[in-house]
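Dropping data-v1.csv in here (CSV, C-alpha atoms and all ligand atoms):
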chain,number,residue,atom,x,y,z
D,1,PRO,CA,9.1,7.4,-24.3
D,2,LEU,CA,8.7,4.4,-21.9
D,3,LEU,CA,9.0,0.8,-23.0
D,4,LEU,CA,7.7,-1.7,-20.5
D,5,HIS,CA,9.0,-5.3,-20.8
D,6,VAL,CA,7.2,-8.2,-19.3
D,7,ALA,CA,9.0,-11.5,-18.5
D,8,GLY,CA,8.0,-14.2,-16.2
D,9,ALA,CA,9.5,-17.6,-17.0
D,10,ARG,CA,12.9,-19.1,-17.7
D,11,PRO,CA,12.7,-19.2,-21.5
D,12,ASN,CA,11.8,-15.4,-21.5
D,13,PHE,CA,15.0,-14.3,-19.9
D,14,PRO,CA,17.6,-15.1,-22.6
D,15,LYS,CA,15.3,-13.3,-25.1
D,16,LEU,CA,14.9,-10.2,-22.9
D,17,ALA,CA,18.6,-9.7,-22.2
D,18,PRO,CA,19.7,-8.6,-25.7
D,19,VAL,CA,16.7,-6.4,-26.3
D,20,LEU,CA,17.3,-4.6,-23.0
D,21,ARG,CA,20.9,-4.1,-23.8
D,22,ALA,CA,20.4,-2.9,-27.3
D,23,LEU,CA,17.7,-0.4,-26.2
D,24,GLN,CA,20.2,1.2,-23.8
D,25,GLU,CA,21.8,2.7,-26.8
D,26,HIS,CA,18.6,4.6,-27.6
D,27,PRO,CA,17.0,7.6,-25.9
D,28,VAL,CA,14.2,5.7,-24.2
D,29,GLU,CA,13.2,4.7,-20.7
D,30,GLN,CA,12.7,1.1,-19.9
D,31,LEU,CA,10.9,-0.7,-17.1
D,32,VAL,CA,11.2,-4.5,-16.6
D,33,VAL,CA,8.2,-6.3,-15.0
D,34,HIS,CA,8.8,-9.8,-13.7
D,35,THR,CA,5.5,-11.5,-13.3
D,36,GLY,CA,6.9,-14.1,-10.8
D,37,GLN,CA,5.5,-17.0,-12.8
D,38,HIS,CA,9.0,-18.7,-12.2
D,39,TYR,CA,10.3,-17.6,-8.8
D,40,ASP,CA,13.0,-20.1,-7.8
D,41,ASP,CA,16.4,-18.6,-8.0
D,42,SER,CA,17.5,-21.5,-10.3
D,43,LEU,CA,14.8,-20.6,-12.8
D,44,SER,CA,14.9,-16.8,-12.5
D,45,GLY,CA,17.5,-14.9,-10.4
D,46,ILE,CA,20.5,-16.8,-11.7
D,47,PHE,CA,19.5,-15.7,-15.3
D,48,PHE,CA,19.5,-12.1,-14.4
D,49,ARG,CA,22.9,-12.3,-12.8
D,50,GLN,CA,24.6,-14.5,-15.5
D,51,LEU,CA,23.1,-12.6,-18.4
D,52,GLY,CA,24.1,-9.2,-16.9
D,53,MET,CA,20.6,-7.8,-16.4
D,54,PRO,CA,19.8,-5.6,-13.4
D,55,PRO,CA,17.1,-7.0,-11.1
D,56,PRO,CA,13.6,-6.4,-12.5
D,57,ASP,CA,12.0,-3.1,-11.5
D,58,LEU,CA,8.8,-4.7,-10.4
D,59,ASN,CA,7.9,-8.2,-9.4
D,60,LEU,CA,4.2,-9.2,-9.4
D,61,ALA,CA,4.9,-12.5,-7.5
D,62,VAL,CA,2.1,-14.4,-9.1
D,63,GLY,CA,3.8,-17.8,-8.5
D,64,ALA,CA,2.7,-21.1,-9.8
D,65,GLY,CA,-0.9,-22.2,-10.4
D,66,GLN,CA,-3.4,-23.6,-12.8
D,67,HIS,CA,-3.6,-21.8,-16.2
D,68,GLY,CA,-6.7,-19.9,-15.4
D,69,ALA,CA,-5.6,-18.7,-12.0
D,70,GLN,CA,-2.1,-17.8,-13.1
D,71,THR,CA,-3.2,-16.0,-16.2
D,72,ALA,CA,-5.9,-14.1,-14.2
D,73,ALA,CA,-3.4,-13.1,-11.5
D,74,VAL,CA,-1.1,-11.6,-14.1
D,75,LEU,CA,-3.9,-9.9,-15.9
D,76,VAL,CA,-5.2,-8.2,-12.7
D,77,LYS,CA,-1.8,-7.1,-11.5
D,78,MET,CA,-0.5,-6.0,-14.9
D,79,GLU,CA,-3.6,-3.8,-15.5
D,80,ALA,CA,-2.7,-1.8,-12.3
D,81,VAL,CA,0.9,-1.5,-13.3
D,82,LEU,CA,0.1,-0.3,-16.8
D,83,MET,CA,-2.4,2.3,-15.5
D,84,GLU,CA,0.2,3.6,-13.1
D,85,HIS,CA,3.1,3.7,-15.5
D,86,GLU,CA,1.3,4.4,-18.8
D,87,PRO,CA,4.1,3.0,-21.1
D,88,ASP,CA,4.1,3.8,-24.8
D,89,VAL,CA,4.6,0.2,-25.7
D,90,VAL,CA,4.5,-3.2,-23.9
D,91,VAL,CA,7.1,-5.7,-25.1
D,92,VAL,CA,6.2,-9.4,-24.4
D,93,TYR,CA,8.3,-12.5,-25.0
D,94,GLY,CA,7.6,-16.0,-26.1
D,95,ASP,CA,4.5,-18.0,-25.3
D,96,VAL,CA,4.0,-18.4,-21.6
D,97,ASN,CA,0.9,-17.5,-19.6
D,98,SER,CA,2.5,-14.2,-18.5
D,99,THR,CA,2.9,-13.2,-22.2
D,100,LEU,CA,-0.8,-13.8,-22.9
D,101,ALA,CA,-2.0,-12.0,-19.8
D,102,ALA,CA,0.2,-9.0,-20.3
D,103,THR,CA,-1.0,-8.7,-23.9
D,104,LEU,CA,-4.6,-8.8,-22.9
D,105,ALA,CA,-4.1,-6.2,-20.1
D,106,ALA,CA,-2.3,-3.8,-22.5
D,107,VAL,CA,-4.6,-4.0,-25.5
D,108,LYS,CA,-7.6,-3.3,-23.3
D,109,LEU,CA,-5.9,-0.1,-22.2
D,110,HIS,CA,-5.1,0.8,-25.8
D,111,ILE,CA,-1.4,0.4,-25.2
D,112,PRO,CA,0.4,-1.1,-28.2
D,113,VAL,CA,2.0,-4.5,-27.8
D,114,ALA,CA,5.2,-5.8,-29.5
D,115,HIS,CA,5.7,-9.6,-29.5
D,116,VAL,CA,9.2,-11.0,-29.5
D,117,GLU,CA,9.1,-14.5,-31.0
D,118,ALA,CA,6.0,-14.0,-33.0
D,119,GLY,CA,4.6,-16.4,-35.6
D,120,LEU,CA,5.8,-19.7,-34.3
D,121,ARG,CA,3.2,-22.4,-34.7
D,122,SER,CA,3.1,-26.1,-33.8
D,123,PHE,CA,-0.5,-26.3,-35.2
D,124,ASP,CA,-1.3,-28.3,-32.1
D,125,ARG,CA,-3.8,-26.5,-29.8
D,126,ALA,CA,-3.4,-29.2,-27.2
D,127,MET,CA,-0.2,-27.4,-26.3
D,128,PRO,CA,-1.0,-24.5,-23.9
D,129,GLU,CA,1.8,-22.5,-25.5
D,130,GLU,CA,0.1,-22.7,-28.9
D,131,VAL,CA,-3.1,-21.1,-27.6
D,132,ASN,CA,-1.0,-18.3,-26.1
D,133,ARG,CA,0.9,-17.7,-29.3
D,134,LEU,CA,-2.3,-17.6,-31.4
D,135,VAL,CA,-4.0,-15.0,-29.1
D,136,VAL,CA,-0.9,-12.9,-28.6
D,137,ASP,CA,-0.1,-12.6,-32.3
D,138,ARG,CA,-3.7,-11.7,-33.1
D,139,LEU,CA,-3.7,-8.8,-30.6
D,140,ALA,CA,-0.1,-7.5,-30.8
D,141,GLY,CA,0.6,-4.7,-33.3
D,142,THR,CA,4.3,-5.3,-33.8
D,143,LEU,CA,5.2,-8.9,-34.6
D,144,LEU,CA,8.9,-9.7,-34.3
D,145,ALA,CA,9.5,-13.0,-36.0
D,146,PRO,CA,12.5,-15.2,-35.5
D,147,SER,CA,12.4,-17.1,-38.8
D,148,ALA,CA,10.9,-17.0,-42.3
D,149,ASP,CA,8.4,-19.8,-41.4
D,150,ALA,CA,7.0,-17.6,-38.6
D,151,VAL,CA,6.5,-14.7,-41.1
D,152,ASP,CA,4.6,-17.1,-43.4
D,153,ASN,CA,2.4,-18.3,-40.6
D,154,LEU,CA,1.5,-14.7,-39.7
D,155,ARG,CA,0.7,-13.8,-43.3
D,156,ALA,CA,-1.4,-17.0,-43.6
D,157,GLU,CA,-3.4,-15.8,-40.6
D,158,GLY,CA,-4.2,-12.5,-42.4
D,159,ILE,CA,-1.8,-10.2,-40.5
D,160,ALA,CA,-0.7,-7.2,-42.5
D,161,ASP,CA,2.8,-7.2,-43.8
D,162,ASP,CA,3.5,-3.8,-42.2
D,163,ASP,CA,3.1,-5.3,-38.8
D,164,ILE,CA,5.5,-8.2,-39.4
D,165,HIS,CA,9.3,-7.9,-39.0
D,166,LEU,CA,11.8,-10.7,-39.5
D,167,VAL,CA,14.4,-10.0,-36.9
D,168,GLY,CA,16.1,-13.3,-36.2
D,169,ASN,CA,16.4,-15.0,-32.8
D,170,PRO,CA,17.4,-12.9,-29.8
D,171,MET,CA,17.9,-16.1,-27.7
D,172,ILE,CA,20.8,-16.8,-30.1
D,173,ASP,CA,22.2,-13.3,-29.3
D,174,THR,CA,22.5,-14.4,-25.7
D,175,LEU,CA,24.0,-17.8,-26.6
D,176,LEU,CA,26.7,-16.3,-28.8
D,177,ASP,CA,27.4,-13.5,-26.3
D,178,GLN,CA,27.8,-16.0,-23.4
D,179,LEU,CA,29.9,-18.6,-25.3
D,180,PRO,CA,33.2,-17.5,-23.8
D,181,GLU,CA,31.7,-17.7,-20.2
D,182,VAL,CA,30.1,-21.1,-21.1
D,183,GLU,CA,33.4,-22.4,-22.3
D,184,ALA,CA,35.1,-21.3,-19.0
D,185,THR,CA,32.3,-22.9,-16.8
D,186,PRO,CA,33.2,-26.3,-15.4
D,187,LEU,CA,30.7,-29.1,-15.9
D,188,PRO,CA,28.2,-29.1,-13.0
D,189,LEU,CA,28.8,-32.8,-12.3
D,190,ASP,CA,32.1,-34.4,-11.3
D,191,ASP,CA,33.4,-37.6,-12.9
D,192,LEU,CA,30.8,-37.7,-15.7
D,193,PRO,CA,31.9,-40.4,-18.1
D,194,GLU,CA,32.0,-39.4,-21.8
D,195,PRO,CA,30.1,-39.7,-24.0
D,196,PHE,CA,27.0,-38.6,-22.2
D,197,VAL,CA,23.5,-37.4,-23.2
D,198,VAL,CA,21.8,-34.3,-21.8
D,199,ALA,CA,18.0,-34.5,-21.4
D,200,THR,CA,15.3,-32.0,-20.5
D,201,LEU,CA,11.7,-33.0,-20.2
D,202,HIS,CA,8.9,-30.8,-18.9
D,203,ARG,CA,6.1,-30.5,-21.5
D,204,PRO,CA,2.7,-31.3,-20.0
D,205,SER,CA,2.1,-34.0,-22.7
D,206,ASN,CA,5.2,-35.9,-21.4
D,207,VAL,CA,5.2,-35.4,-17.6
D,208,ASP,CA,1.9,-34.3,-16.2
D,209,ARG,CA,0.2,-37.7,-16.2
D,210,HIS,CA,1.6,-40.5,-14.2
D,211,GLU,CA,1.0,-43.0,-17.1
D,212,ASP,CA,3.0,-40.8,-19.5
D,213,ALA,CA,5.8,-40.4,-17.0
D,214,VAL,CA,6.0,-44.2,-16.5
D,215,GLU,CA,6.2,-44.8,-20.3
D,216,LEU,CA,8.8,-42.1,-20.7
D,217,THR,CA,10.8,-43.4,-17.8
D,218,ARG,CA,11.0,-46.8,-19.5
D,219,CYS,CA,12.3,-45.2,-22.7
D,220,VAL,CA,14.9,-43.0,-21.0
D,221,GLN,CA,16.1,-45.9,-18.8
D,222,ALA,CA,16.6,-48.0,-22.0
D,223,VAL,CA,18.8,-45.2,-23.3
D,224,ALA,CA,20.7,-45.0,-20.0
D,225,ASP,CA,21.4,-48.8,-20.3
D,226,ASP,CA,23.6,-47.7,-23.2
D,227,VAL,CA,24.9,-44.2,-22.3
D,228,ASP,CA,24.9,-41.9,-19.2
D,229,VAL,CA,22.1,-39.4,-19.2
D,230,VAL,CA,22.2,-36.1,-17.3
D,231,LEU,CA,18.8,-34.6,-16.6
D,232,PRO,CA,18.2,-31.3,-14.9
D,233,VAL,CA,14.8,-31.7,-13.4
D,234,HIS,CA,12.3,-28.9,-14.2
D,235,PRO,CA,9.7,-28.3,-11.4
D,236,ARG,CA,6.9,-29.7,-13.6
D,237,SER,CA,8.8,-33.0,-13.7
D,238,ARG,CA,9.4,-33.3,-10.0
D,239,GLN,CA,6.2,-35.0,-9.2
D,240,HIS,CA,5.9,-37.9,-11.6
D,241,LEU,CA,9.0,-38.3,-13.7
D,242,ALA,CA,12.0,-37.6,-11.4
D,243,PRO,CA,11.2,-40.2,-8.7
D,244,LEU,CA,10.9,-42.9,-11.3
D,245,LEU,CA,14.0,-41.9,-13.2
D,246,ALA,CA,16.1,-41.6,-10.1
D,247,ARG,CA,16.2,-45.4,-9.8
D,248,HIS,CA,18.6,-45.9,-12.7
D,249,PRO,CA,22.3,-45.7,-11.8
D,250,ARG,CA,23.3,-44.0,-15.1
D,251,VAL,CA,20.5,-41.4,-15.0
D,252,HIS,CA,22.0,-38.3,-13.2
D,253,LEU,CA,19.3,-36.0,-12.0
D,254,THR,CA,20.2,-32.4,-11.0
D,255,GLU,CA,18.4,-29.3,-9.9
D,256,PRO,CA,17.6,-26.9,-12.8
D,257,LEU,CA,20.9,-25.6,-13.8
D,258,GLY,CA,22.1,-22.0,-14.4
D,259,TYR,CA,22.3,-20.9,-18.0
D,260,ARG,CA,26.1,-21.3,-18.2
D,261,GLU,CA,26.2,-24.6,-16.4
D,262,PHE,CA,23.5,-26.1,-18.6
D,263,LEU,CA,25.1,-24.9,-21.8
D,264,ALA,CA,28.5,-26.2,-20.6
D,265,LEU,CA,26.9,-29.6,-20.5
D,266,VAL,CA,25.2,-29.2,-23.9
D,267,ARG,CA,28.4,-28.2,-25.5
D,268,ARG,CA,30.3,-31.2,-24.2
D,269,CYS,CA,27.5,-33.8,-24.7
D,270,ALA,CA,27.2,-36.3,-27.6
D,271,LEU,CA,23.4,-35.7,-27.9
D,272,VAL,CA,20.5,-33.8,-26.4
D,273,VAL,CA,17.1,-35.3,-25.9
D,274,THR,CA,14.5,-32.7,-25.1
D,275,ASP,CA,10.9,-31.4,-25.3
D,276,SER,CA,12.0,-27.8,-24.7
D,277,GLY,CA,11.5,-25.1,-27.4
D,278,GLY,CA,14.6,-23.1,-26.7
D,279,VAL,CA,16.9,-26.1,-26.4
D,280,GLN,CA,16.0,-27.1,-30.0
D,281,GLU,CA,17.3,-23.7,-31.1
D,282,GLU,CA,20.5,-23.7,-29.0
D,283,THR,CA,21.5,-27.1,-30.2
D,284,THR,CA,20.8,-26.0,-33.8
D,285,VAL,CA,23.4,-23.2,-33.5
D,286,LEU,CA,25.9,-25.3,-31.5
D,287,GLY,CA,25.7,-28.1,-34.0
D,288,VAL,CA,24.8,-30.6,-31.2
D,289,PRO,CA,22.6,-33.4,-32.4
D,290,CYS,CA,19.1,-33.0,-30.8
D,291,LEU,CA,16.2,-35.5,-30.6
D,292,THR,CA,12.9,-33.8,-29.7
D,293,LEU,CA,10.4,-36.0,-27.9
D,294,ARG,CA,7.2,-34.4,-29.4
D,295,ASP,CA,4.7,-34.9,-32.2
D,296,SER,CA,5.3,-31.5,-33.6
D,297,THR,CA,7.6,-28.5,-33.3
D,298,GLU,CA,6.8,-24.8,-33.6
D,299,ARG,CA,10.5,-24.4,-34.6
D,300,PRO,CA,10.7,-26.2,-37.9
D,301,VAL,CA,13.9,-24.3,-38.9
D,302,THR,CA,15.7,-26.4,-36.2
D,303,ILE,CA,15.0,-29.4,-38.4
D,304,SER,CA,15.5,-27.8,-41.9
D,305,HIS,CA,18.6,-25.8,-40.8
D,306,GLY,CA,19.8,-27.5,-37.7
D,307,THR,CA,20.5,-30.8,-36.1
D,308,ASN,CA,17.0,-31.4,-34.7
D,309,ARG,CA,14.8,-34.5,-35.3
D,310,LEU,CA,11.3,-35.2,-33.9
D,311,VAL,CA,11.1,-38.6,-32.2
D,312,SER,CA,8.4,-40.6,-30.5
D,313,ARG,CA,8.9,-42.6,-27.3
D,314,SER,CA,9.0,-45.8,-29.3
D,315,SER,CA,11.6,-44.5,-31.7
D,316,LEU,CA,13.8,-42.9,-29.1
D,317,LEU,CA,16.2,-45.7,-28.4
D,318,PRO,CA,17.0,-46.5,-32.1
D,319,GLU,CA,17.3,-42.8,-32.8
D,320,VAL,CA,19.7,-42.3,-30.0
D,321,ARG,CA,21.8,-45.2,-31.2
D,322,ALA,CA,21.8,-43.9,-34.7
D,323,ALA,CA,22.7,-40.4,-33.6
D,324,LEU,CA,25.5,-41.6,-31.3
D,325,ALA,CA,26.9,-43.7,-34.1
D,326,ALA,CA,26.7,-40.8,-36.6
D,327,GLY,CA,28.5,-38.4,-34.3
D,328,ARG,CA,28.6,-34.7,-34.9
D,329,SER,CA,29.0,-33.2,-38.3
D,330,ASP,CA,31.6,-30.5,-38.9
D,331,THR,CA,29.3,-28.2,-40.8
D,332,TRP,CA,25.6,-27.5,-40.5
D,333,PRO,CA,23.4,-24.6,-41.7
D,334,VAL,CA,22.2,-22.0,-39.2
D,335,PRO,CA,18.9,-20.2,-39.9
D,336,PRO,CA,19.2,-16.7,-41.5
D,337,LEU,CA,19.5,-13.8,-39.0
D,338,TRP,CA,20.4,-16.1,-36.1
D,339,ASP,CA,23.6,-14.0,-36.1
D,340,GLY,CA,23.8,-12.4,-32.7
D,341,HIS,CA,22.3,-9.1,-33.8
D,342,SER,CA,18.5,-9.6,-33.3
D,343,GLY,CA,18.4,-7.5,-30.2
D,344,GLU,CA,19.7,-4.5,-32.2
D,345,ARG,CA,17.1,-5.1,-35.0
D,346,ILE,CA,14.3,-5.4,-32.4
D,347,ALA,CA,15.5,-2.2,-30.6
D,348,ARG,CA,15.4,-0.1,-33.8
D,349,ILE,CA,11.9,-1.3,-34.7
D,350,LEU,CA,10.6,-0.6,-31.1
D,351,VAL,CA,12.2,2.9,-31.1
D,352,ASP,CA,10.7,3.7,-34.4
D,353,ARG,CA,7.3,2.6,-33.0
D,354,VAL,CA,7.4,4.9,-30.0
D,355,THR,CA,9.1,8.0,-31.6
D,356,VAL,CA,7.0,8.5,-34.8
A,401,LIG,N1,18.0,-24.0,-19.4
A,401,LIG,C1,18.9,-23.8,-18.3
A,401,LIG,N2,19.0,-24.7,-17.3
A,401,LIG,C2,18.4,-25.9,-17.4
A,401,LIG,C3,17.6,-26.2,-18.5
A,401,LIG,C4,17.4,-25.2,-19.5
A,401,LIG,O1,19.5,-22.7,-18.2
A,401,LIG,O2,18.6,-26.7,-16.5
A,401,LIG,C5,17.8,-23.0,-20.4
A,401,LIG,C6,18.1,-23.4,-21.9
A,401,LIG,O3,19.4,-23.3,-22.2
A,401,LIG,C7,17.2,-22.4,-22.6
A,401,LIG,C8,16.1,-22.2,-21.7
A,401,LIG,O4,16.5,-22.6,-20.4
A,401,LIG,O5,18.0,-21.1,-22.7
A,401,LIG,C9,14.9,-23.0,-22.2
A,401,LIG,O6,13.9,-22.9,-21.3
A,401,LIG,P1,12.8,-24.1,-21.1
A,401,LIG,O7,13.3,-25.3,-21.7
A,401,LIG,O8,12.4,-24.1,-19.7
A,401,LIG,O9,11.5,-23.5,-21.9
A,401,LIG,P2,10.9,-23.7,-23.4
A,401,LIG,O10,12.0,-23.2,-24.3
A,401,LIG,O11,10.6,-25.1,-23.5
A,401,LIG,O12,9.7,-22.8,-23.3

Would you give me this structure, written as structure tokens?
Ligand code: UDP
Amino acid sequence: PLLLHVAGARPNFPKLAPVLRALQEHPVEQLVVHTGQHYDDSLSGIFFRQLGMPPPDLNLAVGAGQHGAQTAAVLVKMEAVLMEHEPDVVVVYGDVNSTLAATLAAVKLHIPVAHVEAGLRSFDRAMPEEVNRLVVDRLAGTLLAPSADAVDNLRAEGIADDDIHLVGNPMIDTLLDQLPEVEATPLPLDDLPEPFVVATLHRPSNVDRHEDAVELTRCVQAVADDVDVVLPVHPRSRQHLAPLLARHPRVHLTEPLGYREFLALVRRCALVVTDSGGVQEETTVLGVPCLTLRDSTERPVTISHGTNRLVSRSSLLPEVRAALAAGRSDTWPVPPLWDGHSGERIARILVDRVTV
């Protein structure tokens, strides 16, 4: 049997790695298709090297673009790949445009789709990722959910229990697996005063419009008046946010960092401020306080079981001060099945799917 994995953007790669590795223990063939949605080495190649994955078998090189053009480009190219290779199942990851396009291409060719990270919902359709999640979960036949809330969401949408599998979070497999390397990785900035805050900001609602970037800059600069802030700049934030933020002497902008370099910072920081999805999960497991600059999160277990809090731009500064004053707690709950073995659970389900 042939399993064809589709990944395209940075957050996909830490989810792909443990599934690929676990499937190597089973008698199946695997093909990895990189859509090329993220193509900079700092967002793509470095993850394959650091996470021990071989280079992708195919690269569709679709590149950046508007949602319609990017989704369409993956759809067209993926259809040709699927017709040529005729996989028994297509495995898609997360909620990016490549995930949506690959799912559409596969189901139209009657190829079953398995979705890793199924069932997450922010209930905010203004987020492009939410639209992708809704459509992918409606079409995929094997829904691999990271948490109990995700299972509940899928059931509430009428999806049959037999199609839903609670498997935990494969991104955390990667985190736990990489911790020794992360600990051995020097901080990517010299002479960084402690304590410091790590920030990542790239959601369209925060950075796409100049006015949002101006307002956000004021809030981040107010934080930087109190404490040094390290902010690896995502390509989405280069246009509006980064030039404004660069003016503050205690805001340290960097290129997007490698997985190990980024997590080395996260492990050592006093606090994370983010609008990322994956970073809410990683801080949950590491016990690092996290403030998420969003109206909603599709990952509520990071709040109920982790160290995450939703904040607004106006509440950011007082929340940062409170979090820094409170410090880290010694114990915190971690969501069930975020135990480093999700890849193996996913592999067993996928193998059952293609061999019965
Ligand atoms: N990450 C990284 N370098 C950075 C910023 C983030 O390696 O400079 C990692 C982070 O640890 C997590 C993943 O990228 O594993 C999250 O991706 P991103 O925030 O781009 O996507 P989202 O989760 O918001 O979809």

Practice task
Within 10 Å of ligand LIG 401 (chain A), which residues show up when you count all atoms listed in the file? List them as number ranges by chain, please.
Solution key: D: 9-15, 38, 42-44, 46-47, 94-96, 129, 171-172, 174-175, 198-203, 231-236, 254-266, 274-283

Problem - Polymer residues at most 8 Å from range 25-27 of chain D, all atoms listed in the file, same-chain spacing of 3 or more positions, as a list in words - result: Arg21, Ala22 and Val351 of chain D

Please produce an output containing C-alpha atoms for each residue in the selection, written as a short mmCIF file (atom, residue, chain, number, x, y, z; two decimals), in the frame of the given file.
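Generated file (part12.cif):
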data_model
loop_
_atom_site.label_atom_id
_atom_site.label_comp_id
_atom_site.auth_asym_id
_atom_site.auth_seq_id
_atom_site.Cartn_x
_atom_site.Cartn_y
_atom_site.Cartn_z
CA ARG D 21 20.90 -4.10 -23.80
CA ALA D 22 20.40 -2.90 -27.30
CA VAL D 351 12.20 2.90 -31.10
#

Exercise for the section: Name the closest residue to Ser296 in chain D among the candidates D:Val229, D:Leu187, D:Val135, D:Met127; distances are taken between atoms, counting all atoms listed in the file. Expected result: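 Nearest candidate to Ser296 in chain D out of D:Val229, D:Leu187, D:Val135, D:Met127: D:Met127.
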
Handout entry: Shortest interatomic distance to Ser122 in chain D - which of D:Asp57, D:Glu181, D:Asp149, D:Glu344, counting only C-alpha atoms
Key =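 When distances to Ser122 in chain D are compared using only C-alpha atoms, the smallest one comes from D:Asp149.
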
Exercise for the section: Tell me which protein, DNA and RNA residues are within 6 Å of range 73-77 of chain D, counting all atoms listed in the file, leaving out same-chain ones fewer than 2 positions away, and put them as a PyMOL selection string. Expected result: chain D and resi 70-71+79-80+101+105

Exercise for the section: Neighbourhood query: residues within 12 Å of (6.8, -4.7, -6.0), file coordinates, counting all atoms listed in the file; return as a list in words. Expected result: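 Those residues lying close to the given coordinates are Val32, Val33, His34, Thr35, Gly36, Pro55, Pro56, Asp57, Leu58, Asn59, Leu60, Ala61, Val62, Lys77, Met78, Ala80 and Val81 of chain D.
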
Exercise for the section: Would you mind telling me which residue in D:Leu139, D:Arg267, D:Thr302, D:Trp338 lies nearest to Pro180 in chain D when using only C-alpha atoms? Expected result: D:Arg267

Exercise for the section: Tell me, as number ranges by chain, which residues lie within 9 Å of Ser205 in chain D, counting all atoms listed in the file; anything in the same chain fewer than 6 positions away does not count. Expected result: D: 126-127, 212, 294

Give me the residues near range 216-220 of chain D as an mmCIF file with C-alpha atoms, keeping the file's coordinate frame, where near means some atom within 7 Å (using all atoms listed in the file) and where sequence neighbours in that chain fewer than 2 positions away do not count.
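Result file selection32.cif:
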data_model
loop_
_atom_site.group_PDB
_atom_site.id
_atom_site.type_symbol
_atom_site.label_atom_id
_atom_site.label_comp_id
_atom_site.auth_asym_id
_atom_site.auth_seq_id
_atom_site.Cartn_x
_atom_site.Cartn_y
_atom_site.Cartn_z
ATOM 1 C CA ASP D 212 3.000 -40.800 -19.500
ATOM 2 C CA ALA D 213 5.800 -40.400 -17.000
ATOM 3 C CA VAL D 214 6.000 -44.200 -16.500
ATOM 4 C CA ALA D 222 16.600 -48.000 -22.000
ATOM 5 C CA VAL D 223 18.800 -45.200 -23.300
ATOM 6 C CA ALA D 224 20.700 -45.000 -20.000
ATOM 7 C CA LEU D 241 9.000 -38.300 -13.700
ATOM 8 C CA LEU D 244 10.900 -42.900 -11.300
ATOM 9 C CA LEU D 245 14.000 -41.900 -13.200
ATOM 10 C CA ARG D 313 8.900 -42.600 -27.300
ATOM 11 C CA LEU D 316 13.800 -42.900 -29.100
ATOM 12 C CA LEU D 317 16.200 -45.700 -28.400
#

Handout entry: Selection near range 114-118 of chain D, 6 Å with all atoms listed in the file, sequence-local residues under 4 positions removed, as a ChimeraX atom specification
Key = /D:91-94,140,142-146

Handout entry: Å distance separating CA of His110 in chain D from CA of Ala69 in chain D, one decimal place
Key =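 Spanning CA of His110 in chain D to CA of Ala69 in chain D is a straight-line distance of 23.9 Å.
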
Problem - For Val197 in chain D, the nearest of the candidates D:His248, D:Arg238, D:Arg321, D:His85, counting only C-alpha atoms - result: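 Of all the options, D:Arg321 lies closest to Val197 in chain D.
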
Handout entry: Distance of CA of Gly119 in chain D from CA of Arg309 in chain D, expressed in Å to one decimal place
Key =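 Separation between CA of Arg309 in chain D and CA of Gly119 in chain D: 20.8 Å.
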
Problem - Shortest interatomic distance to Glu319 in chain D - which of D:Val334, D:Cys290, D:Ala347, D:Leu23, counting all atoms listed in the file - result: D:Cys290
